[in-house]
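Participant: Got a file for you: input-v4.cif, mmCIF, C-alpha atoms.
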```
data_final
#
loop_
_atom_site.label_atom_id
_atom_site.label_comp_id
_atom_site.auth_asym_id
_atom_site.auth_seq_id
_atom_site.Cartn_x
_atom_site.Cartn_y
_atom_site.Cartn_z
CA MET A 1 9.68 -13.41 -39.56
CA ARG A 2 7.02 -16.11 -39.13
CA ILE A 3 5.92 -16.39 -35.51
CA GLY A 4 3.62 -18.90 -33.80
CA VAL A 5 1.74 -17.72 -30.72
CA PHE A 6 0.08 -20.39 -28.57
CA GLY A 7 -2.95 -19.07 -26.69
CA THR A 8 -5.96 -16.91 -27.51
CA GLY A 9 -6.27 -15.01 -24.22
CA VAL A 10 -5.31 -11.42 -23.45
CA VAL A 11 -1.59 -12.25 -23.33
CA GLY A 12 -1.61 -14.17 -26.63
CA SER A 13 -3.64 -11.62 -28.54
CA THR A 14 -1.71 -8.62 -27.21
CA ILE A 15 1.64 -10.21 -28.06
CA ALA A 16 0.38 -11.43 -31.46
CA SER A 17 -1.08 -8.01 -32.37
CA LYS A 18 2.14 -6.23 -31.50
CA LEU A 19 4.15 -8.68 -33.62
CA VAL A 20 1.83 -8.13 -36.61
CA GLU A 21 2.20 -4.37 -36.07
CA ARG A 22 5.97 -4.85 -36.27
CA GLY A 23 5.58 -6.45 -39.71
CA HIS A 24 5.73 -10.14 -38.82
CA GLU A 25 3.47 -12.92 -40.04
CA VAL A 26 1.79 -14.36 -36.98
CA MET A 27 -0.28 -17.49 -36.56
CA MET A 28 -2.31 -17.82 -33.38
CA GLY A 29 -2.61 -21.43 -32.26
CA SER A 30 -5.31 -22.94 -30.12
CA ARG A 31 -6.74 -26.37 -29.26
CA THR A 32 -8.95 -26.46 -32.34
CA ARG A 33 -8.81 -24.69 -35.71
CA ASP A 34 -11.24 -21.80 -36.18
CA ASN A 35 -11.48 -21.10 -32.48
CA ASP A 36 -13.86 -18.11 -32.10
CA LYS A 37 -11.36 -15.89 -30.31
CA ALA A 38 -8.58 -16.71 -32.77
CA VAL A 39 -10.82 -15.97 -35.75
CA ALA A 40 -11.94 -12.68 -34.18
CA TRP A 41 -8.29 -11.78 -33.60
CA THR A 42 -7.28 -12.43 -37.23
CA ARG A 43 -10.12 -10.19 -38.45
CA LYS A 44 -8.91 -7.37 -36.22
CA ALA A 45 -5.19 -7.88 -36.79
CA GLY A 46 -5.25 -7.86 -40.58
CA GLU A 47 -3.65 -9.72 -43.44
CA ARG A 48 -0.44 -10.83 -41.74
CA ALA A 49 -2.50 -12.59 -39.06
CA SER A 50 -3.68 -16.18 -39.33
CA GLN A 51 -4.93 -18.89 -36.99
CA GLY A 52 -4.89 -22.65 -36.65
CA ALA A 53 -4.47 -25.51 -34.23
CA PHE A 54 -1.45 -25.62 -31.90
CA GLU A 55 0.29 -27.97 -34.38
CA ASP A 56 -0.29 -25.53 -37.25
CA ALA A 57 1.22 -22.62 -35.33
CA ALA A 58 4.14 -24.81 -34.22
CA SER A 59 4.97 -25.66 -37.85
CA PHE A 60 4.35 -22.14 -39.10
CA GLY A 61 6.49 -20.25 -36.59
CA GLU A 62 10.26 -19.83 -36.86
CA VAL A 63 9.91 -18.62 -33.27
CA LEU A 64 7.22 -19.62 -30.79
CA PHE A 65 5.48 -17.87 -27.89
CA ASN A 66 3.79 -19.86 -25.11
CA CYS A 67 0.92 -17.67 -23.95
CA THR A 68 -1.28 -20.52 -22.69
CA GLY A 69 -2.17 -20.81 -19.01
CA GLY A 70 0.69 -22.36 -17.05
CA THR A 71 -1.48 -25.18 -15.70
CA VAL A 72 -2.21 -26.42 -19.26
CA SER A 73 0.99 -25.41 -21.08
CA VAL A 74 2.61 -28.84 -21.29
CA ALA A 75 -0.64 -30.36 -22.63
CA ALA A 76 -0.95 -27.58 -25.21
CA LEU A 77 2.65 -28.07 -26.32
CA GLU A 78 2.16 -31.84 -26.52
CA GLN A 79 -0.62 -31.13 -28.98
CA ALA A 80 1.70 -28.74 -30.86
CA GLY A 81 4.12 -31.63 -31.12
CA ALA A 82 7.82 -32.13 -30.43
CA GLU A 83 8.57 -32.67 -34.10
CA ALA A 84 6.89 -29.47 -35.32
CA MET A 85 8.58 -27.44 -32.57
CA GLY A 86 11.98 -29.08 -33.13
CA ASN A 87 14.80 -26.95 -31.74
CA LYS A 88 13.02 -23.64 -32.22
CA ILE A 89 13.17 -20.93 -29.58
CA LEU A 90 10.06 -20.83 -27.39
CA LEU A 91 9.46 -17.73 -25.29
CA ASP A 92 7.53 -19.04 -22.29
CA LEU A 93 5.31 -16.39 -20.68
CA ALA A 94 3.13 -18.76 -18.64
CA ASN A 95 2.37 -18.68 -14.93
CA PRO A 96 0.89 -21.76 -13.22
CA LEU A 97 -1.98 -19.97 -11.50
CA ALA A 98 -4.91 -21.89 -10.05
CA PHE A 99 -7.94 -19.63 -9.93
CA VAL A 100 -10.27 -20.07 -6.96
CA PRO A 101 -13.44 -17.93 -6.85
CA GLY A 102 -13.17 -15.14 -4.30
CA GLU A 103 -9.50 -15.75 -3.55
CA LEU A 104 -6.18 -14.71 -4.97
CA PRO A 105 -4.77 -17.42 -7.25
CA THR A 106 -2.13 -19.78 -5.89
CA LEU A 107 0.62 -21.57 -7.83
CA THR A 108 0.30 -25.21 -8.90
CA VAL A 109 4.02 -25.68 -9.64
CA LEU A 110 6.71 -24.01 -7.52
CA ASN A 111 9.73 -24.05 -5.24
CA THR A 112 11.55 -27.10 -6.68
CA ASP A 113 10.04 -26.88 -10.17
CA SER A 114 8.48 -24.40 -12.60
CA VAL A 115 6.47 -24.37 -15.81
CA GLY A 116 9.62 -23.35 -17.65
CA GLU A 117 11.40 -26.48 -16.43
CA GLN A 118 8.39 -28.71 -17.10
CA ILE A 119 8.36 -27.56 -20.72
CA GLN A 120 12.13 -27.91 -21.12
CA ARG A 121 12.00 -31.46 -19.65
CA ALA A 122 9.09 -32.49 -21.88
CA PHE A 123 10.77 -31.08 -25.02
CA PRO A 124 14.54 -31.37 -24.55
CA ARG A 125 15.41 -30.04 -28.03
CA LEU A 126 13.19 -26.96 -27.72
CA ARG A 127 15.15 -23.88 -26.63
CA VAL A 128 12.93 -22.55 -23.82
CA VAL A 129 13.46 -19.00 -22.62
CA LYS A 130 11.24 -17.93 -19.73
CA THR A 131 10.55 -14.22 -19.93
CA LEU A 132 7.94 -11.43 -19.63
CA ASN A 133 5.82 -13.36 -17.08
CA THR A 134 6.35 -10.85 -14.24
CA MET A 135 4.31 -7.95 -15.57
CA ASN A 136 0.99 -6.99 -17.15
CA THR A 137 0.60 -7.65 -20.87
CA MET A 138 0.34 -3.95 -21.74
CA ILE A 139 3.79 -3.45 -20.22
CA MET A 140 5.26 -6.54 -21.92
CA VAL A 141 4.73 -4.98 -25.34
CA ASN A 142 5.25 -1.37 -24.27
CA PRO A 143 7.71 -0.95 -21.40
CA ARG A 144 7.44 2.80 -21.72
CA ALA A 145 3.95 2.55 -20.22
CA VAL A 146 5.81 2.52 -16.89
CA PRO A 147 8.20 5.46 -16.42
CA GLY A 148 11.92 5.17 -15.74
CA ASP A 149 13.90 1.99 -15.31
CA HIS A 150 12.32 -1.37 -14.64
CA ASN A 151 13.20 -4.92 -15.58
CA VAL A 152 12.39 -8.01 -17.57
CA PHE A 153 14.07 -11.34 -16.73
CA LEU A 154 15.43 -14.18 -18.87
CA SER A 155 15.84 -17.82 -17.77
CA GLY A 156 17.08 -20.55 -20.08
CA ASN A 157 19.73 -23.18 -20.70
CA ASP A 158 20.80 -21.94 -24.16
CA ALA A 159 22.93 -18.78 -24.09
CA ASP A 160 22.48 -18.12 -27.82
CA ALA A 161 18.71 -18.39 -27.51
CA LYS A 162 18.73 -15.91 -24.61
CA ALA A 163 20.87 -13.48 -26.62
CA GLN A 164 18.39 -13.76 -29.52
CA VAL A 165 15.44 -13.20 -27.19
CA ALA A 166 17.12 -10.17 -25.63
CA GLY A 167 17.47 -8.69 -29.11
CA TRP A 168 13.83 -9.39 -29.95
CA LEU A 169 12.58 -7.91 -26.68
CA ASP A 170 14.38 -4.74 -27.67
CA GLU A 171 13.46 -4.73 -31.37
CA TRP A 172 9.85 -5.92 -31.11
CA PHE A 173 8.69 -4.46 -27.80
CA GLY A 174 11.17 -1.70 -26.87
CA TRP A 175 12.99 -3.27 -23.93
CA LYS A 176 16.36 -1.54 -23.53
CA ARG A 177 19.23 -4.02 -23.26
CA GLU A 178 20.23 -2.69 -19.83
CA SER A 179 16.73 -3.47 -18.52
CA ILE A 180 17.05 -7.16 -19.35
CA ILE A 181 18.42 -9.37 -16.56
CA ASP A 182 19.69 -12.85 -17.43
CA LEU A 183 19.05 -14.97 -14.32
CA GLY A 184 20.80 -18.08 -15.59
CA ASP A 185 19.50 -21.51 -16.49
CA ILE A 186 15.88 -22.59 -16.75
CA THR A 187 15.70 -23.49 -13.04
CA SER A 188 15.71 -19.73 -12.37
CA ALA A 189 12.17 -19.73 -13.82
CA ARG A 190 11.13 -20.79 -10.30
CA GLY A 191 12.09 -17.37 -9.00
CA VAL A 192 10.17 -15.36 -11.58
CA GLU A 193 7.08 -17.57 -11.40
CA MET A 194 7.05 -17.32 -7.60
CA VAL A 195 6.87 -13.54 -7.82
CA LEU A 196 3.25 -13.83 -8.93
CA PRO A 197 1.72 -13.90 -5.42
CA LEU A 198 3.44 -10.57 -4.62
CA TRP A 199 2.48 -9.19 -8.03
CA LEU A 200 -1.18 -10.12 -7.40
CA ARG A 201 -1.15 -8.46 -3.96
CA LEU A 202 0.36 -5.31 -5.42
CA MET A 203 -2.36 -5.26 -8.08
CA VAL A 204 -5.01 -5.47 -5.34
CA THR A 205 -3.23 -2.79 -3.29
CA PHE A 206 -2.73 -0.36 -6.18
CA LYS A 207 -6.05 -1.24 -7.89
CA THR A 208 -4.16 -1.34 -11.21
CA PRO A 209 -1.84 -3.82 -12.95
CA MET A 210 0.21 -0.97 -14.44
CA PHE A 211 3.42 -1.39 -12.45
CA ASN A 212 6.63 -3.33 -12.77
CA PHE A 213 9.62 -4.41 -10.71
CA HIS A 214 12.94 -2.61 -10.88
CA VAL A 215 15.94 -4.20 -9.22
CA VAL A 216 17.99 -1.30 -7.88
CA ARG A 217 21.65 -2.01 -7.24
CA ALA A 218 24.12 -0.32 -4.93
CA PRO A 219 27.19 1.07 -6.71
CA ALA A 220 30.06 -1.46 -6.64
CA SER A 221 32.17 -0.74 -3.55
CA MET Q 1 12.31 2.24 24.15
CA ARG Q 2 13.00 -1.32 25.36
CA ILE Q 3 13.27 -3.72 22.44
CA GLY Q 4 13.60 -7.50 22.36
CA VAL Q 5 15.37 -9.06 19.37
CA PHE Q 6 15.01 -12.82 18.89
CA GLY Q 7 17.97 -14.34 17.07
CA THR Q 8 21.75 -14.04 17.25
CA GLY Q 9 22.57 -14.31 13.53
CA VAL Q 10 23.60 -11.56 11.13
CA VAL Q 11 20.05 -10.21 10.87
CA GLY Q 12 19.49 -10.15 14.64
CA SER Q 13 22.82 -8.56 15.50
CA THR Q 14 22.65 -5.95 12.71
CA ILE Q 15 19.12 -4.92 13.71
CA ALA Q 16 19.99 -4.95 17.42
CA SER Q 17 23.16 -2.90 16.92
CA LYS Q 18 21.32 -0.26 14.91
CA LEU Q 19 18.62 0.00 17.59
CA VAL Q 20 21.26 0.48 20.31
CA GLU Q 21 22.91 3.12 18.11
CA ARG Q 22 19.54 4.89 17.98
CA GLY Q 23 19.49 5.08 21.79
CA HIS Q 24 17.25 2.12 22.61
CA GLU Q 25 17.80 -0.55 25.24
CA VAL Q 26 18.00 -3.84 23.42
CA MET Q 27 17.98 -7.39 24.73
CA MET Q 28 19.05 -10.11 22.33
CA GLY Q 29 17.19 -13.37 22.99
CA SER Q 30 18.33 -16.86 22.15
CA ARG Q 31 17.55 -20.44 23.10
CA THR Q 32 19.77 -20.33 26.17
CA ARG Q 33 21.07 -17.49 28.35
CA ASP Q 34 24.71 -16.53 27.83
CA ASN Q 35 24.77 -17.79 24.25
CA ASP Q 36 28.30 -17.09 22.94
CA LYS Q 37 27.19 -14.97 20.03
CA ALA Q 38 24.76 -12.96 22.18
CA VAL Q 39 27.45 -12.32 24.81
CA ALA Q 40 29.92 -11.26 22.11
CA TRP Q 41 27.30 -8.93 20.69
CA THR Q 42 26.61 -7.22 24.05
CA ARG Q 43 30.36 -6.59 24.52
CA LYS Q 44 30.56 -4.92 21.13
CA ALA Q 45 27.26 -3.04 21.34
CA GLY Q 46 27.86 -1.39 24.71
CA GLU Q 47 25.91 -0.59 27.82
CA ARG Q 48 22.39 -0.39 26.37
CA ALA Q 49 22.81 -3.96 25.08
CA SER Q 50 21.88 -7.05 27.07
CA GLN Q 51 21.14 -10.69 26.38
CA GLY Q 52 19.03 -13.53 27.73
CA ALA Q 53 16.80 -16.42 26.82
CA PHE Q 54 13.92 -15.91 24.37
CA GLU Q 55 11.55 -15.55 27.35
CA ASP Q 56 13.74 -12.83 28.91
CA ALA Q 57 13.80 -10.80 25.69
CA ALA Q 58 10.04 -11.28 25.28
CA SER Q 59 9.37 -9.85 28.76
CA PHE Q 60 11.96 -7.08 28.39
CA GLY Q 61 10.85 -5.70 25.03
CA GLU Q 62 8.00 -3.25 24.56
CA VAL Q 63 8.44 -4.16 20.90
CA LEU Q 64 9.80 -7.43 19.52
CA PHE Q 65 11.78 -8.40 16.41
CA ASN Q 66 11.73 -11.97 15.07
CA CYS Q 67 15.14 -12.48 13.47
CA THR Q 68 15.26 -16.25 13.92
CA GLY Q 69 15.33 -18.59 10.93
CA GLY Q 70 11.85 -19.02 9.49
CA THR Q 71 11.94 -22.80 9.84
CA VAL Q 72 12.37 -22.50 13.64
CA SER Q 73 10.52 -19.24 14.36
CA VAL Q 74 7.35 -20.74 15.84
CA ALA Q 75 9.40 -22.98 18.15
CA ALA Q 76 11.52 -20.02 19.25
CA LEU Q 77 8.43 -17.93 19.95
CA GLU Q 78 6.84 -20.80 21.87
CA GLN Q 79 9.85 -20.70 24.12
CA ALA Q 80 9.48 -16.91 24.37
CA GLY Q 81 5.95 -17.57 25.58
CA ALA Q 82 2.51 -16.25 24.66
CA GLU Q 83 2.10 -14.57 28.02
CA ALA Q 84 5.38 -12.67 27.92
CA MET Q 85 4.70 -11.51 24.37
CA GLY Q 86 1.05 -10.62 25.11
CA ASN Q 87 -0.33 -8.19 22.54
CA LYS Q 88 3.00 -6.55 21.75
CA ILE Q 89 3.96 -5.71 18.19
CA LEU Q 90 6.30 -8.28 16.65
CA LEU Q 91 8.18 -7.32 13.49
CA ASP Q 92 8.67 -10.62 11.68
CA LEU Q 93 11.72 -10.63 9.41
CA ALA Q 94 11.98 -14.41 8.96
CA ASN Q 95 12.14 -16.41 5.73
CA PRO Q 96 11.48 -20.17 5.80
CA LEU Q 97 14.58 -21.19 3.89
CA ALA Q 98 15.80 -24.79 3.86
CA PHE Q 99 19.52 -24.86 3.18
CA VAL Q 100 20.81 -27.75 1.09
CA PRO Q 101 24.59 -27.95 0.48
CA GLY Q 102 25.52 -26.95 -3.06
CA GLU Q 103 22.02 -25.76 -3.98
CA LEU Q 104 20.01 -22.59 -3.65
CA PRO Q 105 17.70 -22.75 -0.63
CA THR Q 106 14.04 -23.64 -1.14
CA LEU Q 107 11.07 -22.57 0.99
CA THR Q 108 9.51 -24.89 3.59
CA VAL Q 109 6.27 -22.88 3.92
CA LEU Q 110 4.65 -21.18 0.94
CA ASN Q 111 1.79 -20.60 -1.49
CA THR Q 112 -1.17 -21.17 0.88
CA ASP Q 113 0.69 -20.28 4.08
CA SER Q 114 3.65 -18.26 5.36
CA VAL Q 115 5.79 -17.91 8.47
CA GLY Q 116 3.98 -14.64 9.20
CA GLU Q 117 0.65 -16.48 9.26
CA GLN Q 118 2.04 -19.40 11.27
CA ILE Q 119 3.18 -16.99 13.96
CA GLN Q 120 -0.10 -15.05 13.94
CA ARG Q 121 -2.10 -18.30 14.23
CA ALA Q 122 0.07 -19.62 17.07
CA PHE Q 123 -0.13 -16.31 18.98
CA PRO Q 124 -3.48 -14.69 18.17
CA ARG Q 125 -3.00 -11.73 20.54
CA LEU Q 126 0.45 -10.85 19.21
CA ARG Q 127 0.34 -8.08 16.60
CA VAL Q 128 2.50 -9.56 13.87
CA VAL Q 129 3.82 -7.26 11.14
CA LYS Q 130 5.83 -8.97 8.42
CA THR Q 131 8.43 -6.60 7.05
CA LEU Q 132 12.06 -6.13 5.91
CA ASN Q 133 12.44 -9.78 4.80
CA THR Q 134 12.94 -8.96 1.10
CA MET Q 135 16.39 -7.40 1.29
CA ASN Q 136 19.87 -7.80 2.70
CA THR Q 137 20.37 -6.83 6.35
CA MET Q 138 22.70 -3.93 5.51
CA ILE Q 139 19.89 -2.40 3.47
CA MET Q 140 17.23 -3.06 6.14
CA VAL Q 141 18.99 -0.71 8.55
CA ASN Q 142 20.36 1.68 5.92
CA PRO Q 143 18.14 2.02 2.86
CA ARG Q 144 20.44 4.73 1.51
CA ALA Q 145 23.00 1.99 0.79
CA VAL Q 146 20.98 1.49 -2.40
CA PRO Q 147 20.50 4.68 -4.45
CA GLY Q 148 17.17 6.17 -5.46
CA ASP Q 149 13.75 4.77 -4.72
CA HIS Q 150 13.16 1.21 -3.58
CA ASN Q 151 10.64 -0.43 -1.30
CA VAL Q 152 9.91 -2.20 1.94
CA PHE Q 153 6.62 -4.05 2.44
CA LEU Q 154 4.24 -4.41 5.41
CA SER Q 155 1.80 -7.30 5.99
CA GLY Q 156 -0.38 -7.56 9.08
CA ASN Q 157 -3.91 -7.74 10.42
CA ASP Q 158 -3.66 -4.74 12.77
CA ALA Q 159 -3.74 -1.36 11.02
CA ASP Q 160 -2.50 0.52 14.08
CA ALA Q 161 0.45 -1.84 14.45
CA LYS Q 162 1.36 -1.33 10.79
CA ALA Q 163 1.18 2.44 11.19
CA GLN Q 164 3.48 2.22 14.23
CA VAL Q 165 5.91 -0.01 12.34
CA ALA Q 166 5.94 2.37 9.36
CA GLY Q 167 6.91 5.17 11.74
CA TRP Q 168 9.67 3.07 13.30
CA LEU Q 169 11.07 2.00 9.93
CA ASP Q 170 11.42 5.70 9.14
CA GLU Q 171 12.71 6.84 12.54
CA TRP Q 172 15.02 3.94 13.36
CA PHE Q 173 16.31 2.89 9.94
CA GLY Q 174 15.61 5.79 7.56
CA TRP Q 175 12.86 4.34 5.37
CA LYS Q 176 10.94 7.22 3.78
CA ARG Q 177 7.17 6.86 4.23
CA GLU Q 178 6.60 6.83 0.46
CA SER Q 179 8.90 3.80 0.16
CA ILE Q 180 6.75 1.70 2.50
CA ILE Q 181 4.03 -0.37 0.81
CA ASP Q 182 1.21 -1.80 2.96
CA LEU Q 183 0.19 -5.05 1.23
CA GLY Q 184 -2.78 -5.78 3.49
CA ASP Q 185 -3.42 -8.53 5.99
CA ILE Q 186 -0.94 -11.14 7.19
CA THR Q 187 -1.78 -13.52 4.34
CA SER Q 188 0.14 -11.12 2.08
CA ALA Q 189 3.28 -12.38 3.85
CA ARG Q 190 3.08 -15.26 1.35
CA GLY Q 191 3.95 -12.85 -1.44
CA VAL Q 192 6.98 -11.31 0.22
CA GLU Q 193 8.34 -14.64 1.47
CA MET Q 194 7.97 -16.17 -2.02
CA VAL Q 195 10.19 -13.44 -3.46
CA LEU Q 196 13.19 -15.12 -1.85
CA PRO Q 197 13.95 -17.54 -4.72
CA LEU Q 198 14.19 -14.58 -7.13
CA TRP Q 199 16.21 -12.61 -4.59
CA LEU Q 200 18.66 -15.52 -4.23
CA ARG Q 201 19.04 -15.84 -8.03
CA LEU Q 202 19.69 -12.13 -8.33
CA MET Q 203 22.35 -12.37 -5.63
CA VAL Q 204 24.06 -15.16 -7.59
CA THR Q 205 23.73 -13.19 -10.85
CA PHE Q 206 25.03 -9.90 -9.43
CA LYS Q 207 27.55 -11.56 -7.06
CA THR Q 208 26.39 -9.16 -4.33
CA PRO Q 209 23.37 -8.91 -2.01
CA MET Q 210 23.40 -5.11 -2.25
CA PHE Q 211 20.24 -4.55 -4.28
CA ASN Q 212 16.57 -4.08 -3.58
CA PHE Q 213 13.21 -4.16 -5.34
CA HIS Q 214 11.45 -1.01 -6.47
CA VAL Q 215 7.87 -1.26 -7.64
CA VAL Q 216 7.54 1.33 -10.39
CA ARG Q 217 4.02 2.52 -11.15
CA ALA Q 218 2.57 4.03 -14.28
CA PRO Q 219 1.01 7.45 -13.76
CA ALA Q 220 -2.74 7.18 -13.10
CA SER Q 221 -4.53 7.44 -16.45
#
```
Written as structure tokens, that's how I'd like the structure from this file.
Facilitator:
Amino acid sequence: MRIGVFGTGVVGSTIASKLVERGHEVMMGSRTRDNDKAVAWTRKAGERASQGAFEDAASFGEVLFNCTGGTVSVAALEQAGAEAMGNKILLDLANPLAFVPGELPTLTVLNTDSVGEQIQRAFPRLRVVKTLNTMNTMIMVNPRAVPGDHNVFLSGNDADAKAQVAGWLDEWFGWKRESIIDLGDITSARGVEMVLPLWLRLMVTFKTPMFNFHVVRAPAS
Amino acid sequence: MRIGVFGTGVVGSTIASKLVERGHEVMMGSRTRDNDKAVAWTRKAGERASQGAFEDAASFGEVLFNCTGGTVSVAALEQAGAEAMGNKILLDLANPLAFVPGELPTLTVLNTDSVGEQIQRAFPRLRVVKTLNTMNTMIMVNPRAVPGDHNVFLSGNDADAKAQVAGWLDEWFGWKRESIIDLGDITSARGVEMVLPLWLRLMVTFKTPMFNFHVVRAPAS
């Protein structure tokens, strides 16, 4: 499959590398063509890897990943262009974190809105599925890095798109179907984005990002 | 031990009943003496149960539980009175949820503040420990209602108070020490309060509140 990955950071390059490893053709998109980090990534990732501007990756990909920072995602996707993205499925991994030196990041969008919703509003035809934003990147692409059961969430308005994404999470990254929790429409992205402050505290407490949330249910009574 | 429980709702009465069951003398506090729900609770809970105004419960308790709604907690505690509460330990279970008919509740305090912090700022001598707010009341007082490992969090500025609370969570409610995660100072209450939107979505998705979060860690590498 041809996949467009927006973002050249740790999340974008880890996701993009894993997709290349799985045999896909992946274009990493960034603000400008020949971005240093994107070029370095293509050299490392091999012949199925390419890079370009956001609009190039948007046209190239049959499926799209938003791995840009949540505070700049809508701007990045505006550059990618509504027409190039069309009604493709976009997996949105972004968190709207504002980084302040010496403090834990806070959220810039929350409570009555989310990045997932902002994107869906800005691009009504795009099929946005919020997912994978509640864990470290190493765990996103390798859930077995954390032992036992733990979860990944899906939020989105299009049931078919969520079913597709659930299949890809399994096939591409190894997420067992029973670990995937569909939270409902895109407004449920608020819940998963607002988990970040707890996630950040846990990372400070544990001195490692290698953990994930498992929702444990009581047996039906 | 003599314990004061602020709040006559489901959380307050479940906590208070369990504490009576454990042999403690418990006074339920509310805005006015002889509140109907408080009186009804004392009749059901038996001879170690009593009720009064917030200020009565504050004076009575050697330890205090805040089970009022998070949007009115500071006002309730102002009525309880800084002098009566002194430097006692207050377990704060409140979530600042604004209820809107037909919608999922949103938070009224978040991101750069929390109810836990509001209370600690308003009553600097009080030893506030935020805990138990991330799960259904039935699970708070009976963690075995959910199988296997799952967690309860502690946030507070006073290490001794948190150690005491950890002991009480074990002794009174059955929380194993290894299930209790100390997140640090009271500002970490932001993280646990901001989990509520996800918790509420999960409740809608599962059609039951009988679940809890487990933070699963990778083995140290």
Participant: Name the residues that the PyMOL selection byres ((chain A and resi 172) around 8) pulls out of this structure, and write them as a PDB file with C-alpha atoms, keeping the file's coordinate frame.
Facilitator:
```pdb
ATOM      1  CA  LYS A  18       2.140  -6.230 -31.500  1.00  0.00           C
ATOM      2  CA  LEU A  19       4.150  -8.680 -33.620  1.00  0.00           C
ATOM      3  CA  ARG A  22       5.970  -4.850 -36.270  1.00  0.00           C
ATOM      4  CA  VAL A 141       4.730  -4.980 -25.340  1.00  0.00           C
ATOM      5  CA  TRP A 168      13.830  -9.390 -29.950  1.00  0.00           C
ATOM      6  CA  LEU A 169      12.580  -7.910 -26.680  1.00  0.00           C
ATOM      7  CA  ASP A 170      14.380  -4.740 -27.670  1.00  0.00           C
ATOM      8  CA  GLU A 171      13.460  -4.730 -31.370  1.00  0.00           C
ATOM      9  CA  PHE A 173       8.690  -4.460 -27.800  1.00  0.00           C
ATOM     10  CA  GLY A 174      11.170  -1.700 -26.870  1.00  0.00           C
TER      11      GLY A 174
END
```
Participant: Residues near Ala40 in chain Q, anyone? I mean within 10 Å using all atoms listed in the file, not counting same-chain ones fewer than 5 positions away, as a list in words.
Facilitator: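 My reading of the contact set: Thr8, Asp34, Asn35, Ala45 and Gln51 of chain Q.
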Participant: Within 6 Å of chain Q, which residues belong to chain A? Use all atoms listed in the file and report them as a ChimeraX atom specification.
Facilitator: /A:106,111,146,191,194-195,197-198,210-218
Participant: Fewer than 2 positions away in the same chain doesn't count, so skip those; otherwise give me all residues within 7 Å of Lys130 in chain Q, counting only C-alpha atoms, as a list of chain:residue names.
Facilitator: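 Listed by chain and then number, they are Q:Leu91, Q:Asp92, Q:Leu93, Q:Gly116, Q:Val128, Q:Leu154, Q:Ser155, Q:Gly156, Q:Ala189.
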Participant: Using all atoms of range 203-217 of chain Q that appear in the file, construct an axis-aligned enclosing box with 5 Å of padding on every side and provide its centre coordinates and edge lengths in Å, rounded to one decimal, as JSON.
Facilitator:
```
{"center_x": 15.8, "center_y": -6.3, "center_z": -6.6, "size_x": 33.5, "size_y": 27.7, "size_z": 19.1}
```
Participant: Taking 3 positions as the minimum chain separation for residues in the same chain, which residues sit within 12 Å of Phe54 in chain A when counting all atoms listed in the file? Answer as a PDB file with C-alpha atoms, keeping the file's coordinate frame.
Facilitator:
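Result file is selection-v6.pdb:
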```pdb
ATOM      1  CA  GLY A   4       3.620 -18.900 -33.800  1.00  0.00           C
ATOM      2  CA  VAL A   5       1.740 -17.720 -30.720  1.00  0.00           C
ATOM      3  CA  PHE A   6       0.080 -20.390 -28.570  1.00  0.00           C
ATOM      4  CA  GLY A   7      -2.950 -19.070 -26.690  1.00  0.00           C
ATOM      5  CA  THR A   8      -5.960 -16.910 -27.510  1.00  0.00           C
ATOM      6  CA  MET A  27      -0.280 -17.490 -36.560  1.00  0.00           C
ATOM      7  CA  MET A  28      -2.310 -17.820 -33.380  1.00  0.00           C
ATOM      8  CA  GLY A  29      -2.610 -21.430 -32.260  1.00  0.00           C
ATOM      9  CA  SER A  30      -5.310 -22.940 -30.120  1.00  0.00           C
ATOM     10  CA  ARG A  31      -6.740 -26.370 -29.260  1.00  0.00           C
ATOM     11  CA  THR A  32      -8.950 -26.460 -32.340  1.00  0.00           C
ATOM     12  CA  ARG A  33      -8.810 -24.690 -35.710  1.00  0.00           C
ATOM     13  CA  ASP A  34     -11.240 -21.800 -36.180  1.00  0.00           C
ATOM     14  CA  ASN A  35     -11.480 -21.100 -32.480  1.00  0.00           C
ATOM     15  CA  ALA A  38      -8.580 -16.710 -32.770  1.00  0.00           C
ATOM     16  CA  GLN A  51      -4.930 -18.890 -36.990  1.00  0.00           C
ATOM     17  CA  ALA A  57       1.220 -22.620 -35.330  1.00  0.00           C
ATOM     18  CA  ALA A  58       4.140 -24.810 -34.220  1.00  0.00           C
ATOM     19  CA  SER A  59       4.970 -25.660 -37.850  1.00  0.00           C
ATOM     20  CA  PHE A  60       4.350 -22.140 -39.100  1.00  0.00           C
ATOM     21  CA  GLY A  61       6.490 -20.250 -36.590  1.00  0.00           C
ATOM     22  CA  LEU A  64       7.220 -19.620 -30.790  1.00  0.00           C
ATOM     23  CA  PHE A  65       5.480 -17.870 -27.890  1.00  0.00           C
ATOM     24  CA  ASN A  66       3.790 -19.860 -25.110  1.00  0.00           C
ATOM     25  CA  CYS A  67       0.920 -17.670 -23.950  1.00  0.00           C
ATOM     26  CA  THR A  68      -1.280 -20.520 -22.690  1.00  0.00           C
ATOM     27  CA  SER A  73       0.990 -25.410 -21.080  1.00  0.00           C
ATOM     28  CA  VAL A  74       2.610 -28.840 -21.290  1.00  0.00           C
ATOM     29  CA  ALA A  75      -0.640 -30.360 -22.630  1.00  0.00           C
ATOM     30  CA  ALA A  76      -0.950 -27.580 -25.210  1.00  0.00           C
ATOM     31  CA  LEU A  77       2.650 -28.070 -26.320  1.00  0.00           C
ATOM     32  CA  GLU A  78       2.160 -31.840 -26.520  1.00  0.00           C
ATOM     33  CA  GLN A  79      -0.620 -31.130 -28.980  1.00  0.00           C
ATOM     34  CA  ALA A  80       1.700 -28.740 -30.860  1.00  0.00           C
ATOM     35  CA  GLY A  81       4.120 -31.630 -31.120  1.00  0.00           C
ATOM     36  CA  ALA A  82       7.820 -32.130 -30.430  1.00  0.00           C
ATOM     37  CA  ALA A  84       6.890 -29.470 -35.320  1.00  0.00           C
ATOM     38  CA  MET A  85       8.580 -27.440 -32.570  1.00  0.00           C
TER      39      MET A  85
END
```
